[in-house]
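Student: Sharing protein_0.cif (mmCIF, C-alpha atoms) below.
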data_work
loop_
_atom_site.label_atom_id
_atom_site.label_comp_id
_atom_site.auth_asym_id
_atom_site.auth_seq_id
_atom_site.Cartn_x
_atom_site.Cartn_y
_atom_site.Cartn_z
CA MET H 1 -25.13 21.53 41.80
CA THR H 2 -27.49 18.58 42.00
CA PRO H 3 -26.04 15.27 43.14
CA VAL H 4 -25.06 12.93 40.34
CA GLY H 5 -27.99 10.70 39.44
CA LEU H 6 -29.37 8.66 36.61
CA PRO H 7 -29.83 11.65 34.22
CA HIS H 8 -26.14 12.54 34.50
CA TYR H 9 -25.10 9.07 33.42
CA LEU H 10 -27.68 8.96 30.63
CA VAL H 11 -26.50 12.31 29.25
CA LEU H 12 -22.89 11.12 29.33
CA SER H 13 -23.98 7.95 27.56
CA ALA H 14 -25.79 9.99 24.89
CA LEU H 15 -22.73 12.16 24.30
CA LEU H 16 -20.39 9.17 23.99
CA PHE H 17 -22.83 7.40 21.67
CA SER H 18 -23.07 10.45 19.40
CA LEU H 19 -19.29 10.68 19.33
CA GLY H 20 -19.07 7.06 18.22
CA LEU H 21 -21.81 7.56 15.64
CA LEU H 22 -19.92 10.55 14.26
CA GLY H 23 -16.83 8.40 13.85
CA VAL H 24 -18.74 5.60 12.12
CA VAL H 25 -20.41 8.01 9.69
CA LEU H 26 -17.48 10.30 9.02
CA ARG H 27 -14.28 8.31 9.07
CA ARG H 28 -13.19 6.27 6.06
CA ASN H 29 -10.51 4.25 7.82
CA LEU H 30 -12.16 0.92 8.68
CA LEU H 31 -9.98 0.47 11.78
CA ILE H 32 -11.22 3.76 13.19
CA VAL H 33 -14.79 2.81 12.28
CA PHE H 34 -14.31 -0.28 14.47
CA ILE H 35 -12.90 1.84 17.28
CA SER H 36 -15.94 4.13 17.05
CA LEU H 37 -18.23 1.10 17.22
CA GLU H 38 -16.56 0.08 20.47
CA LEU H 39 -17.20 3.57 21.80
CA MET H 40 -20.90 3.28 20.96
CA LEU H 41 -21.17 -0.11 22.68
CA ASN H 42 -19.51 1.33 25.78
CA ALA H 43 -21.94 4.23 25.82
CA ALA H 44 -24.79 1.72 25.84
CA ASN H 45 -23.06 -0.18 28.65
CA ILE H 46 -22.89 2.97 30.79
CA ALA H 47 -26.62 3.50 30.32
CA LEU H 48 -27.35 -0.14 31.23
CA VAL H 49 -25.21 -0.17 34.37
CA ALA H 50 -26.57 3.19 35.54
CA SER H 51 -30.14 1.98 35.01
CA ALA H 52 -29.39 -1.22 36.91
CA ARG H 53 -28.00 0.80 39.81
CA PHE H 54 -30.68 3.44 40.08
CA LEU H 55 -33.68 1.21 39.32
CA ASN H 56 -32.32 -1.58 41.53
CA ARG H 57 -32.41 -4.36 38.93
CA ILE H 58 -29.42 -6.64 38.47
CA GLY H 59 -30.62 -7.48 34.94
CA GLY H 60 -28.93 -4.42 33.53
CA GLN H 61 -25.56 -5.69 34.63
CA GLU H 62 -26.24 -9.13 33.16
CA MET H 63 -27.09 -7.40 29.89
CA VAL H 64 -23.71 -5.65 29.97
CA PHE H 65 -22.11 -9.09 30.23
CA VAL H 66 -23.84 -10.13 27.03
CA VAL H 67 -22.89 -6.86 25.31
CA ILE H 68 -19.22 -7.29 26.25
CA ALA H 69 -19.22 -10.85 24.89
CA VAL H 70 -20.91 -9.73 21.67
CA ALA H 71 -18.42 -6.87 21.33
CA ALA H 72 -15.48 -9.24 21.76
CA ALA H 73 -16.91 -11.60 19.12
CA GLU H 74 -17.63 -8.68 16.80
CA VAL H 75 -14.09 -7.31 17.09
CA ALA H 76 -12.56 -10.74 16.49
CA VAL H 77 -14.66 -11.45 13.40
CA GLY H 78 -14.41 -7.90 12.08
CA LEU H 79 -10.65 -7.70 12.38
CA ALA H 80 -10.27 -11.17 10.82
CA LEU H 81 -12.42 -9.98 7.90
CA LEU H 82 -10.26 -6.87 7.63
CA ALA H 83 -7.07 -8.93 7.57
CA ALA H 84 -8.57 -11.27 4.94
CA LEU H 85 -9.62 -8.26 2.86
CA TYR H 86 -6.17 -6.76 3.21
CA ARG H 87 -4.65 -9.87 1.65
CA GLN H 88 -6.89 -9.38 -1.39
CA ARG H 89 -6.34 -5.68 -1.63
CA PRO H 90 -3.93 -3.79 0.63
CA THR H 91 -6.16 -0.99 1.85
CA VAL H 92 -8.30 -0.23 4.88
CA GLN H 93 -10.10 2.74 3.34
CA SER H 94 -13.77 1.98 2.86
CA ASN H 95 -13.81 4.14 -0.29
CA ASP H 96 -11.33 1.83 -2.00
CA LEU H 97 -13.45 -1.27 -1.41
CA ASP H 98 -15.85 -0.77 -4.31
CA ALA H 99 -15.76 -4.19 -6.01
CA LEU H 100 -19.52 -4.60 -5.52
CA LYS H 101 -20.34 -1.14 -6.84
CA PHE H 102 -22.52 -1.28 -9.94
CA MET E 1 -16.23 13.08 46.46
CA GLN E 2 -18.09 10.54 44.34
CA ASP E 3 -19.72 13.33 42.34
CA LEU E 4 -16.31 14.84 41.67
CA LEU E 5 -15.01 11.46 40.54
CA PHE E 6 -17.97 11.12 38.18
CA TYR E 7 -17.11 14.41 36.50
CA VAL E 8 -13.43 13.47 36.25
CA PHE E 9 -14.15 10.06 34.70
CA ALA E 10 -16.80 11.52 32.39
CA ALA E 11 -14.42 14.23 31.16
CA VAL E 12 -11.62 11.70 30.59
CA ALA E 13 -13.97 9.36 28.70
CA LEU E 14 -15.33 12.15 26.49
CA ILE E 15 -11.95 13.73 25.70
CA ALA E 16 -10.25 10.39 25.05
CA GLY E 17 -13.24 9.28 22.99
CA PHE E 18 -13.05 12.41 20.89
CA LEU E 19 -9.32 11.96 20.35
CA ALA E 20 -9.91 8.34 19.35
CA VAL E 21 -12.57 9.25 16.79
CA ALA E 22 -11.17 12.48 15.36
CA ASN E 23 -7.61 13.17 16.39
CA PRO E 24 -6.56 16.56 15.02
CA PHE E 25 -2.87 15.84 15.61
CA SER E 26 -2.39 12.38 14.16
CA ARG E 27 -4.08 10.18 11.55
CA ASN E 28 -2.38 7.10 12.92
CA PRO E 29 -4.85 4.33 13.92
CA LEU E 30 -2.44 3.34 16.70
CA ALA E 31 -3.02 6.66 18.45
CA SER E 32 -6.77 6.17 18.12
CA ALA E 33 -6.56 2.67 19.61
CA LEU E 34 -4.54 3.90 22.58
CA PHE E 35 -6.98 6.76 23.23
CA LEU E 36 -9.80 4.20 23.07
CA ALA E 37 -7.99 2.27 25.80
CA VAL E 38 -7.93 5.42 27.96
CA ALA E 39 -11.66 5.92 27.40
CA LEU E 40 -12.35 2.27 28.29
CA VAL E 41 -10.45 2.60 31.57
CA ALA E 42 -12.48 5.72 32.40
CA VAL E 43 -15.70 3.81 31.68
CA SER E 44 -14.46 1.08 34.02
CA GLY E 45 -14.06 3.75 36.69
CA LEU E 46 -17.66 4.80 36.11
CA PHE E 47 -18.75 1.17 36.56
CA VAL E 48 -16.99 1.07 39.93
CA LEU E 49 -18.69 4.35 40.91
CA LEU E 50 -21.99 2.63 40.09
CA HIS E 51 -21.07 -0.24 42.45
CA ALA E 52 -20.71 -2.64 39.52
CA PHE E 53 -17.37 -3.85 40.84
CA PHE E 54 -17.22 -7.09 38.92
CA LEU E 55 -18.11 -5.41 35.62
CA GLY E 56 -15.41 -2.82 36.27
CA ALA E 57 -12.84 -5.60 36.55
CA VAL E 58 -14.25 -7.38 33.50
CA GLN E 59 -14.12 -4.15 31.52
CA ILE E 60 -10.40 -3.79 32.23
CA LEU E 61 -9.65 -7.47 31.59
CA ILE E 62 -11.68 -8.00 28.42
CA TYR E 63 -11.80 -4.57 26.82
CA ALA E 64 -8.65 -2.78 27.87
CA GLY E 65 -6.83 -6.11 27.87
CA ALA E 66 -7.94 -8.60 25.25
CA VAL E 67 -9.79 -6.41 22.76
CA MET E 68 -7.11 -3.71 22.76
CA VAL E 69 -4.37 -6.29 22.22
CA LEU E 70 -6.35 -7.62 19.25
CA PHE E 71 -6.70 -4.10 17.85
CA LEU E 72 -3.04 -3.22 18.26
CA PHE E 73 -1.97 -6.60 16.87
CA VAL E 74 -4.05 -6.18 13.71
CA ILE E 75 -3.02 -2.55 13.22
CA MET E 76 0.62 -3.53 13.40
CA LEU E 77 0.05 -6.65 11.28
CA LEU E 78 -1.48 -4.63 8.45
CA ASP E 79 1.58 -2.36 8.38
CA LEU E 80 -0.22 0.59 6.85
CA ARG E 81 1.63 3.08 4.79
CA GLU E 82 1.37 6.66 5.90
CA GLU E 83 -2.12 7.72 5.03
CA GLN E 84 -2.11 10.43 2.40
CA LYS E 85 -3.95 13.56 3.32
CA ARG E 86 -7.49 13.17 2.07
CA ARG E 87 -9.33 16.21 0.95
CA ALA E 88 -11.38 17.52 3.81
CA ARG E 89 -15.10 16.97 3.37
CA LYS E 90 -16.26 20.07 5.19
CA VAL E 91 -19.94 19.83 4.26
CA ALA E 92 -20.26 16.18 5.22
CA ALA E 93 -18.36 16.76 8.45
CA GLY E 94 -20.55 19.70 9.42
CA LEU E 95 -23.75 17.88 8.56
CA ALA E 96 -22.75 14.74 10.46
CA SER E 97 -21.65 16.77 13.49
CA ALA E 98 -24.95 18.64 13.54
CA LEU E 99 -26.89 15.38 13.31
CA ALA E 100 -24.84 13.75 16.08
CA LEU E 101 -25.30 16.81 18.29
CA ALA E 102 -29.05 16.76 17.63
CA LEU E 103 -29.18 13.08 18.58
CA ALA E 104 -27.25 13.74 21.80
CA ALA E 105 -29.57 16.65 22.64
CA LEU E 106 -32.64 14.52 21.97
CA ILE E 107 -31.51 11.65 24.19
CA SER E 108 -30.37 14.09 26.90
CA ALA E 109 -33.70 15.89 26.85
CA ALA E 110 -35.52 12.57 27.23
CA ALA E 111 -33.22 11.53 30.08
CA LEU E 112 -33.62 14.85 31.90
CA ALA E 113 -37.39 14.87 31.44
CA GLY E 114 -37.66 11.38 32.91
CA GLY E 115 -35.87 12.39 36.08
CA GLY E 116 -35.42 9.32 38.22
CA PRO E 117 -34.83 8.35 41.81
CA ALA E 118 -32.25 10.73 43.24
CA ASP E 119 -31.39 8.45 46.13
CA PRO E 120 -30.16 5.16 44.69
CA PRO E 121 -31.18 1.94 46.41
CA ALA E 122 -28.34 -0.24 47.51
CA LEU E 123 -27.67 -2.50 44.54
CA GLU E 124 -24.28 -4.16 44.76
CA GLY E 125 -22.70 -5.73 41.69
CA GLY E 126 -20.16 -7.97 43.30
CA ALA E 127 -19.14 -11.29 41.79
CA ARG E 128 -21.42 -13.23 44.16
CA ALA E 129 -24.65 -11.38 43.34
CA LEU E 130 -23.89 -11.27 39.64
CA GLY E 131 -22.95 -14.94 39.46
CA ARG E 132 -26.08 -16.04 41.31
CA ALA E 133 -28.32 -14.07 38.93
CA LEU E 134 -26.34 -15.26 35.90
CA PHE E 135 -26.83 -18.96 36.67
CA THR E 136 -30.48 -18.74 37.71
CA ASP E 137 -32.58 -16.04 36.06
CA PHE E 138 -30.22 -15.33 33.17
CA LEU E 139 -29.10 -18.83 32.27
CA LEU E 140 -30.47 -18.74 28.72
CA PRO E 141 -28.60 -15.55 27.68
CA PHE E 142 -25.49 -17.06 29.23
CA GLU E 143 -25.81 -20.21 27.10
CA ILE E 144 -26.53 -18.14 23.99
CA VAL E 145 -23.37 -16.13 24.60
CA ALA E 146 -21.41 -19.37 24.90
CA VAL E 147 -22.71 -20.55 21.52
CA LEU E 148 -22.00 -17.13 20.01
CA LEU E 149 -18.41 -17.17 21.22
CA VAL E 150 -17.82 -20.65 19.80
CA ALA E 151 -19.33 -19.59 16.47
CA ALA E 152 -17.18 -16.45 16.37
CA MET E 153 -14.06 -18.45 17.20
CA VAL E 154 -14.70 -21.01 14.45
CA GLY E 155 -15.47 -18.22 12.00
CA VAL E 156 -12.28 -16.33 12.82
CA VAL E 157 -10.14 -19.46 12.49
CA TRP E 158 -11.70 -20.17 9.10
CA LEU E 159 -11.27 -16.58 7.92
CA SER E 160 -7.63 -16.56 8.94
CA ARG E 161 -6.63 -19.69 6.99
CA LYS E 162 -3.66 -19.21 4.76
CA GLU E 163 -5.58 -19.85 1.54
CA ALA E 164 -8.77 -18.07 2.69
CA ALA E 165 -10.38 -16.58 -0.37
#
Now that the file is in, can you turn its structure into structure tokens?
Tutor:
Amino acid sequence: MTPVGLPHYLVLSALLFSLGLLGVVLRRNLLIVFISLELMLNAANIALVASARFLNRIGGQEMVFVVIAVAAAEVAVGLALLAALYRQRPTVQSNDLDALKF
Amino acid sequence: MQDLLFYVFAAVALIAGFLAVANPFSRNPLASALFLAVALVAVSGLFVLLHAFFLGAVQILIYAGAVMVLFLFVIMLLDLREEQKRRARKVAAGLASALALALAALISAAALAGGGPADPPALEGGARALGRALFTDFLLPFEIVAVLLVAAMVGVVWLSRKEAA
């Protein structure tokens, strides 16, 4: 077995990203869509940190900082939107939110 | 030893990630959130394996700590009724799975074709190195993140007003 290198981490990142994408596309529960989004962001973070390590650039790790901050902001705003929506209409199923459907 | 740890963390992250996205045993969002926490801790372990020690700590603090608390708080706040069994959308599920698998295969093929240096240079991601880079070369992204966080905070406070429309 070859020693673990950059390709191993990139393949793991690709698998995790696809898993998250599957959740975003397939699930109708908005909470689980958010959870899948977090999974996708983490997959990107793995790729960034692995690239930083194996290409010897610290910039990849700084980028992960920014991604984590953006993810935290995204979760806060998204969940606040969800709570505000829930007050209007008590559902978290994306199928039931069809007020803008023509 | 490190290679073994990589495979352990990778397996934990993938299995917990799968259970978070599509749990065959429970439709409860709480279970998904807790499995996401497991996956996040495994990713933090991977960061430590990659010598990104500070990011590993930040991952636990911010993600497994703050973000998960936010998730669990909102899930419990919404007090969802038991989700009725939706009719299974077999065709859509199969199609989406095939597409996701194709995407994973495509990225993996690109990654494997690229190869890369097998012997990693010694890049250490301790707090000192990261902080020095953050406040010199990466000062502008740092400031942008600060503005973003303030904007997000103001937006969330506004959205969560009692009479928010």
Student: Pull the closest atom pair for each residue of chain H that gets at most 6 Å from chain E, along with the distance in Å to one decimal, counting all atoms listed in the file, ordering rows by chain and then ascending residue number, as a tab-separated table.
Tutor:
residue	atom	partner	partner_atom	distance
H:Val4	CA	E:Asp3	CA	5.7
H:Gly5	CA	E:Ala118	CA	5.7
H:Pro7	CA	E:Ala111	CA	5.4
H:Val11	CA	E:Ser108	CA	4.9
H:Ala14	CA	E:Ala104	CA	5.1
H:Leu15	CA	E:Ala104	CA	5.4
H:Ser18	CA	E:Ala100	CA	5.0
H:Gly23	CA	E:Val21	CA	5.2
H:Arg53	CA	E:Leu123	CA	5.8
H:Phe54	CA	E:Pro120	CA	4.9
H:Asn56	CA	E:Leu123	CA	5.6
H:Ala73	CA	E:Ala152	CA	5.6
H:Val77	CA	E:Val156	CA	5.5
H:Ala80	CA	E:Val156	CA	5.9
Student: One decimal, Å: what's the distance from atom CA of H:Val75 over to atom CA of H:Arg57, could you say?
Tutor: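 One can read the atom CA of H:Val75 to atom CA of H:Arg57 distance as 28.7 Å.
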Student: As AutoDock Vina command-line options, please report the centre and edge lengths, rounded to one decimal in Å, of the axis-aligned box that holds all listed atoms of stretch 47-63 of chain H with 3 Å of padding on each of the six sides.
Tutor:
--center_x -29.4 --center_y -2.8 --center_z 35.7 --size_x 14.5 --size_y 18.6 --size_z 17.6
Student: Could you please determine the separation between atom CA of H:Ile58 and atom CA of E:Val38 in Å, to one decimal place?
Tutor: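 The value is 26.8 Å.
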Student: Using all atoms listed in the file, which residue out of H:Lys101, H:Ala72, H:Leu6, H:Leu21 lies closest to H:Val33?
Tutor: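 Of H:Lys101, H:Ala72, H:Leu6, H:Leu21, the one nearest H:Val33, counting all atoms listed in the file, is H:Leu21.
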Student: For atom CA of H:Ile32 and atom CA of H:Gln93, determine how far apart the two atoms are, in Å to one decimal place.
Tutor: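 So the answer is 10.0 Å.
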Student: Using all atoms listed in the file, can you tell me which of E:Pro24, E:Gly45, E:Gly56, E:Gly65 comes closest to H:Gln61?
Tutor: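 Going through E:Pro24, E:Gly45, E:Gly56, E:Gly65 one by one, the smallest distance to H:Gln61 is for E:Gly56.
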Student: So, counting all atoms listed in the file, which residue among E:Met1, E:Ala64, E:Met76, E:Ser26 is closest to H:Asn42?
Tutor: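 Counting all atoms listed in the file, the residue closest to H:Asn42 is E:Ala64.
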Student: Find the residues around H:Ala71 up to 9 Å (all atoms listed in the file counted), leave out those fewer than 5 positions away in its own chain, and share them as number ranges by chain.
Tutor: H: 37-38, 41, 66, 76; E: 63, 67
Student: Can you write just those residues out, C-alpha atoms, as a PDB file, in the coordinates of the input?
Tutor:
ATOM      1  CA  LEU H  37     -18.230   1.100  17.220  1.00  0.00           C
ATOM      2  CA  GLU H  38     -16.560   0.080  20.470  1.00  0.00           C
ATOM      3  CA  LEU H  41     -21.170  -0.110  22.680  1.00  0.00           C
ATOM      4  CA  VAL H  66     -23.840 -10.130  27.030  1.00  0.00           C
ATOM      5  CA  ALA H  76     -12.560 -10.740  16.490  1.00  0.00           C
TER       6      ALA H  76
ATOM      7  CA  TYR E  63     -11.800  -4.570  26.820  1.00  0.00           C
ATOM      8  CA  VAL E  67      -9.790  -6.410  22.760  1.00  0.00           C
TER       9      VAL E  67
END
Student: Residues near H:Ala47, anyone? I mean within 9 Å using all atoms listed in the file, not counting same-chain ones fewer than 2 positions away, as a ChimeraX atom specification.
Tutor: /H:6,9-14,42-45,49-52,60
Student: Quick one: residues within 9 Å of H:Phe34, only C-alpha atoms counted, chain neighbours fewer than 3 positions away excluded, as a ChimeraX atom specification?
Tutor: /H:24,29-31,37-39,75,78-79
